[in-house]
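Participant: There's a structure below that I have some questions on.
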Amino acid sequence: ISTEKENGDLLSKSFQDIISTLPKGNPWGFPDHFLQYHGFWHSSVFLQGILSAQQQFQAQPADIILCSAPKTGTTWLKSLTYATITRTSYDDSTSPLLSKMPHDVVPFMELDHAHFSTHRDLGIPVLATHMPYSALPKSVTDSGCKIVYICRDPKDSFVSLYLFVSKYQKSENMQTFNLDEAFEQFCQGVCWYGPYWDHVLEFWKASLEHPDKILFLKYEEMSDDTILYVKRLAEFIGCPFSSEEEEKGVPEKIVKMCSFENLSNLEVNKNGKHRVRGMENANYFRKGKVGDWENWLTPEMAARLDQITMQKLSGSGLTL
Ligand code: A3P
């Protein structure tokens with residue numbers, strides 16, 4: 001224990017040294033500025049988590065790492081992956097997903113790493129991270145473990161992020177950050193794990209280079225035909241549905257159990273609190289729709305985001 005504490009103290013000392021040199025960005029109404037580290041903006045809490053994970057996390061070849069920028073469908077991807085991987089142990093009436101929040105069954109590398117850094121016990125070999133591809137612990141890329149990435153139309157991601165943050169700020173009796181200012185910061189790339197487009201592009205390029213190791217998903221396509229993508233996911237992570245399972249409708253049952261309607265109406269997700277600073281679970285289930293940005297952004301704001309998206313993604317072969 002004392003060695004762990006000493007390591008922790010060392011880490012926080014070197015962390016203080018590191019952060020004092022980093023560029024600072026608008027903190028969206030929070031007390032601590034965003035810090036720019038290797039091209040991406042991070043809150044200091046998450047940056048500390050990234051650095052510890054980089055130092056400590058030992059990936060194994062059988063691991064599955066779920067990657068995403070915030071508010072792009074992480075919770076949904078976690079639940080689908082978890083339900084798919086545990087389907088021989090649980091069904092849609094016994095799954096831990098009925099009583100636990102998806103974030104509590106799939107650990108988050110930046111915040112939960114302390115729990116598995118020394119005594120690796122993930123239960124199932126699945127964990128999630130918001131880290132950019134270039135920041136992933138070296139063992140993740142070296143071990144050849146599988147990565148699943150999900151992204152989303154930046155207009156919906158921004159709206160989801162802004163409303164998530166505002167709700168949290170209200171619950172903490174903080175002044176909420178202004179929508180126009182948040183929009184400006186998002187366009188400039190200053191937000192959790194931003195610039196959003198760079199995050200997506202890194203994984204997109206890596207998925208083209210290593211299609212057998214990285215599955216690249218879009219929220220919109222998954223909403224369109226979730227069953228198709230769950231089958232693809234199952235195949236990619238090495239547990240394809242058998243024809244018997246297909247006949248029994250197992251993929252359909254998983255999709256139904258993990259649907260927004262079902263998860264958002266569970267007691268745990270309506271009234272429970274998440275381990276991170278008492279965040280309400282309900283905050284992770286807002287609307288779950290494609291195109292809700294229309295209710296929040298002016299046509300000018302939407303055009304500006306589309307323009308940035310076009311510029312940034314130009315020549316990549318990716319559209320969002
Ligand atoms: P909205 O704010 O647009 O509703 P993340 O999980 O990465 O934090 O992303 C949150 C977004 O995913 C929110 O989008 C949330 O409502 C949506 N979401 C959560 N669970 C979902 C599910 N089971 N199916 C579809 N979307 C879901």
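Just remember, in the structure tokens the first chain shown is A, the second B, etc., residues are 1-based per chain, and ligands are 1-based in the order shown.
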Write out, as a tab-separated table, each residue of chain A that has an atom at most 8 Å from ligand 1, together with the closest pair of atoms and their distance in Å to one decimal, counting only C-alpha atoms and all ligand atoms, rows going by chain and rising number.

Facilitator:
```
residue	atom	partner	partner_atom_place_in_ligand_line	distance
A:Ser68	CA	ligand 1	7 (O)	7.0
A:Ala69	CA	ligand 1	7 (O)	6.9
A:Pro70	CA	ligand 1	7 (O)	4.7
A:Lys71	CA	ligand 1	9 (O)	3.3
A:Thr72	CA	ligand 1	7 (O)	4.1
A:Gly73	CA	ligand 1	7 (O)	3.9
A:Thr74	CA	ligand 1	7 (O)	3.6
A:Thr75	CA	ligand 1	6 (O)	3.6
A:Trp76	CA	ligand 1	23 (N)	4.3
A:Leu77	CA	ligand 1	6 (O)	7.7
A:Ser79	CA	ligand 1	23 (N)	7.4
A:Asp156	CA	ligand 1	3 (O)	5.9
A:Ser157	CA	ligand 1	3 (O)	6.8
A:Val159	CA	ligand 1	2 (O)	6.8
A:Ser160	CA	ligand 1	2 (O)	3.7
A:Leu161	CA	ligand 1	2 (O)	6.9
A:Leu163	CA	ligand 1	2 (O)	7.0
A:Phe164	CA	ligand 1	2 (O)	7.0
A:Tyr219	CA	ligand 1	25 (C)	7.9
A:Ser223	CA	ligand 1	25 (C)	7.0
A:Cys258	CA	ligand 1	23 (N)	5.1
A:Ser259	CA	ligand 1	23 (N)	4.3
A:Phe260	CA	ligand 1	23 (N)	3.5
A:Glu261	CA	ligand 1	23 (N)	7.2
A:Asn262	CA	ligand 1	23 (N)	7.6
A:Leu263	CA	ligand 1	23 (N)	6.0
A:Ser264	CA	ligand 1	20 (N)	7.1
A:Asn283	CA	ligand 1	16 (O)	8.0
A:Tyr284	CA	ligand 1	10 (C)	5.4
A:Phe285	CA	ligand 1	16 (O)	3.8
A:Arg286	CA	ligand 1	16 (O)	3.8
A:Lys287	CA	ligand 1	4 (O)	3.4
A:Gly288	CA	ligand 1	4 (O)	3.7
A:Lys289	CA	ligand 1	3 (O)	5.7
A:Val290	CA	ligand 1	3 (O)	7.1
A:Asp292	CA	ligand 1	3 (O)	6.5
A:Trp293	CA	ligand 1	3 (O)	8.0
```

Participant: Output N, CA and C atoms for every residue in the selection just made, as a short mmCIF file (atom, residue, chain, number, x, y, z; two decimals), in the first residue's frame.

Facilitator:
```cif
data_model
loop_
_atom_site.label_atom_id
_atom_site.label_comp_id
_atom_site.auth_asym_id
_atom_site.auth_seq_id
_atom_site.Cartn_x
_atom_site.Cartn_y
_atom_site.Cartn_z
N SER A 68 -14.40 6.54 -27.65
CA SER A 68 -15.36 7.53 -28.15
C SER A 68 -14.98 8.89 -27.61
N ALA A 69 -15.38 9.94 -28.33
CA ALA A 69 -15.37 11.27 -27.73
C ALA A 69 -16.63 11.35 -26.87
N PRO A 70 -16.66 12.24 -25.87
CA PRO A 70 -17.85 12.29 -25.01
C PRO A 70 -19.13 12.62 -25.79
N LYS A 71 -20.22 12.05 -25.34
CA LYS A 71 -21.58 12.31 -25.85
C LYS A 71 -21.83 11.84 -27.28
N THR A 72 -21.18 10.74 -27.63
CA THR A 72 -21.37 10.22 -28.99
C THR A 72 -22.05 8.85 -29.00
N GLY A 73 -22.44 8.37 -27.81
CA GLY A 73 -23.10 7.06 -27.76
C GLY A 73 -22.33 6.03 -26.94
N THR A 74 -21.45 6.51 -26.08
CA THR A 74 -20.63 5.62 -25.25
C THR A 74 -21.48 4.68 -24.39
N THR A 75 -22.48 5.26 -23.74
CA THR A 75 -23.33 4.48 -22.81
C THR A 75 -24.03 3.35 -23.57
N TRP A 76 -24.50 3.69 -24.74
CA TRP A 76 -25.21 2.71 -25.59
C TRP A 76 -24.24 1.60 -26.03
N LEU A 77 -23.07 2.01 -26.52
CA LEU A 77 -22.08 1.03 -26.98
C LEU A 77 -21.64 0.11 -25.83
N SER A 79 -23.45 -0.76 -23.25
CA SER A 79 -24.51 -1.70 -22.91
C SER A 79 -24.61 -2.80 -23.97
N ASP A 156 -25.10 17.08 -33.21
CA ASP A 156 -25.77 16.38 -32.10
C ASP A 156 -24.82 16.17 -30.92
N SER A 157 -23.54 15.91 -31.22
CA SER A 157 -22.59 15.71 -30.11
C SER A 157 -22.47 17.00 -29.30
N VAL A 159 -24.64 19.50 -28.99
CA VAL A 159 -25.87 19.79 -28.23
C VAL A 159 -25.95 18.85 -27.01
N SER A 160 -25.64 17.59 -27.24
CA SER A 160 -25.69 16.63 -26.13
C SER A 160 -24.70 17.02 -25.03
N LEU A 161 -23.50 17.42 -25.45
CA LEU A 161 -22.47 17.82 -24.49
C LEU A 161 -22.90 19.06 -23.72
N LEU A 163 -25.87 20.29 -23.14
CA LEU A 163 -26.99 20.08 -22.22
C LEU A 163 -26.58 19.22 -21.02
N PHE A 164 -25.68 18.28 -21.27
CA PHE A 164 -25.15 17.44 -20.18
C PHE A 164 -24.41 18.30 -19.16
N TYR A 219 -23.09 6.65 -34.80
CA TYR A 219 -24.33 6.62 -34.02
C TYR A 219 -25.55 6.57 -34.95
N SER A 223 -28.37 3.76 -35.19
CA SER A 223 -29.78 4.03 -34.88
C SER A 223 -30.67 3.49 -35.99
N CYS A 258 -31.14 -2.97 -24.70
CA CYS A 258 -30.23 -1.82 -24.64
C CYS A 258 -30.79 -0.57 -25.31
N SER A 259 -32.05 -0.63 -25.71
CA SER A 259 -32.62 0.53 -26.40
C SER A 259 -32.75 1.71 -25.42
N PHE A 260 -32.77 2.89 -25.98
CA PHE A 260 -32.93 4.09 -25.16
C PHE A 260 -34.20 3.98 -24.31
N GLU A 261 -35.28 3.54 -24.95
CA GLU A 261 -36.57 3.47 -24.25
C GLU A 261 -36.46 2.55 -23.03
N ASN A 262 -35.84 1.39 -23.25
CA ASN A 262 -35.78 0.44 -22.14
C ASN A 262 -34.82 0.92 -21.04
N LEU A 263 -33.59 1.24 -21.43
CA LEU A 263 -32.59 1.62 -20.40
C LEU A 263 -33.02 2.88 -19.65
N SER A 264 -33.53 3.85 -20.38
CA SER A 264 -33.83 5.13 -19.70
C SER A 264 -35.00 5.00 -18.73
N ASN A 283 -28.88 11.72 -16.38
CA ASN A 283 -28.22 12.71 -17.23
C ASN A 283 -27.58 12.06 -18.47
N TYR A 284 -27.33 10.76 -18.39
CA TYR A 284 -26.73 10.06 -19.54
C TYR A 284 -27.79 9.62 -20.55
N PHE A 285 -29.06 9.80 -20.19
CA PHE A 285 -30.15 9.39 -21.08
C PHE A 285 -31.04 10.60 -21.31
N ARG A 286 -30.76 11.36 -22.33
CA ARG A 286 -31.53 12.59 -22.53
C ARG A 286 -32.67 12.34 -23.51
N LYS A 287 -32.32 12.16 -24.79
CA LYS A 287 -33.35 11.98 -25.80
C LYS A 287 -33.04 10.80 -26.73
N GLY A 288 -31.77 10.61 -27.00
CA GLY A 288 -31.37 9.46 -27.82
C GLY A 288 -31.88 9.51 -29.24
N LYS A 289 -31.96 10.71 -29.80
CA LYS A 289 -32.48 10.86 -31.17
C LYS A 289 -31.40 11.42 -32.09
N VAL A 290 -31.53 11.08 -33.38
CA VAL A 290 -30.66 11.67 -34.39
C VAL A 290 -31.30 12.98 -34.84
N ASP A 292 -31.55 15.98 -33.14
CA ASP A 292 -32.18 16.87 -32.15
C ASP A 292 -31.53 18.26 -32.14
N TRP A 293 -30.34 18.36 -32.77
CA TRP A 293 -29.67 19.67 -32.83
C TRP A 293 -30.60 20.74 -33.38
#
```

Participant: Please identify every residue of stretch 173-283 of chain A that has at least one atom no farther than 9 Å from an atom of stretch 99-104 of chain A, counting only C-alpha atoms, and for each give the shortest atom pair and the distance in Å to one decimal, arranged by chain then increasing number, as a tab-separated table.

Facilitator:
```
residue	atom	partner	partner_atom	distance
A:Leu263	CA	A:Met101	CA	8.7
A:Leu266	CA	A:Ser99	CA	7.7
A:Glu267	CA	A:Ser99	CA	7.6
A:Val268	CA	A:Ser99	CA	5.8
A:Asn269	CA	A:Met101	CA	6.2
A:Gly272	CA	A:Met101	CA	8.1
A:Lys273	CA	A:Met101	CA	8.8
A:His274	CA	A:Met101	CA	7.5
A:Arg275	CA	A:Asp104	CA	7.9
A:Asn281	CA	A:Met101	CA	7.0
```

Participant: Residues at most 10 Å from A:Trp28, counting only C-alpha atoms, excluding those fewer than 5 positions away in the same chain, as a ChimeraX atom specification?

Facilitator: /A:33-34,162,165-166,176-179,181-182,185-186,190-192

Participant: Enumerate, in order of chain and increasing residue number, the residues of stretch 83-103 of chain A with an atom no farther than 10 Å from stretch 231-255 of chain A, each with its shortest atom pair and distance in Å to one decimal, counting only C-alpha atoms, as a tab-separated table.

Facilitator:
```
residue	atom	partner	partner_atom	distance
A:Ala83	CA	A:Ile254	CA	6.3
A:Thr84	CA	A:Ala234	CA	6.5
A:Ile85	CA	A:Cys239	CA	7.2
A:Arg87	CA	A:Val250	CA	8.4
A:Asp91	CA	A:Ile254	CA	8.2
A:Asp92	CA	A:Lys253	CA	6.7
```

Participant: Applying 9 Å and only C-alpha atoms, which residues near stretch 305-318 of chain A remain after dropping the ones on its own chain fewer than 6 positions away? List them as a PyMOL selection string.

Facilitator: chain A and resi 154-155+187+197-198+201+204-205

Participant: Would you pick out the contacts of A:Tyr82 at 8 Å or less, using only C-alpha atoms, so that residues sharing its chain but fewer than 6 positions from it are not included, and give the list as a list in words?

Facilitator: Val105, Val106 and Val126 of chain A

Participant: Name all residues at most 10 Å from A:Leu66 (count only C-alpha atoms; drop same-chain ones fewer than 6 positions away) and give them as a PyMOL selection string.

Facilitator: chain A and resi 74+77-78+81+106+108-109+126-130+146-150+214-215

Participant: Based on DSSP run over this structure's backbone, return all residues of stretch 38-84 of chain A in helix (DSSP H, G or I), as a PyMOL selection string.

Facilitator: chain A and resi 44-56+74-84

Participant: May I ask for the distance between atom CA of A:Ser95 and atom CA of A:Ala59, given in Å to one decimal place?

Facilitator: 26.0 Å

Participant: Let me make sure I understand: among A:Leu22, A:Ala206, A:Ile124, A:Leu98, which one has the smallest atom-to-atom distance to A:Lys270 if we use only C-alpha atoms?

Facilitator: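 Nearest candidate to A:Lys270 out of A:Leu22, A:Ala206, A:Ile124, A:Leu98: A:Leu98.
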
Participant: Within 10 Å of A:Ser139, counting only C-alpha atoms, which residues show up once you throw out same-chain ones fewer than 5 positions away? Write them as a PyMOL selection string, please.

Facilitator: chain A and resi 54-61+144-145

Participant: Identify which of the residues A:Leu80, A:Phe216, A:Ser52, A:Pro125 lies closest to A:Lys256, counting only C-alpha atoms when measuring atom-to-atom distances.

Facilitator: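 Selected residue with least distance to A:Lys256: A:Leu80.
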
Participant: Using only C-alpha atoms, which of the listed residues (A:Ile64, A:Ile19, A:Gly278, A:Thr319) sits closest to A:Glu172?

Facilitator: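 Residue with the minimum atom-to-atom distance to A:Glu172: A:Gly278.
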
Participant: Calculate how many Å separate atom CA of A:Tyr193 from atom CA of A:Ile50, rounding to one decimal.

Facilitator: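 These atoms are spaced 10.9 Å apart.
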
Participant: Please measure the separation of atom CA of A:Pro211 and atom CA of A:Pro137, giving the value in Å to one decimal.

Facilitator: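 Computing the Euclidean distance for atom CA of A:Pro211 and atom CA of A:Pro137 yields 19.4 Å.
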
Participant: Could you tell me which of A:Gln48, A:Met301, A:Phe183, A:Tyr196 comes closest to A:Lys13 if we count only C-alpha atoms?

Facilitator: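 Under the stated criterion, the closest residue is A:Gln48.
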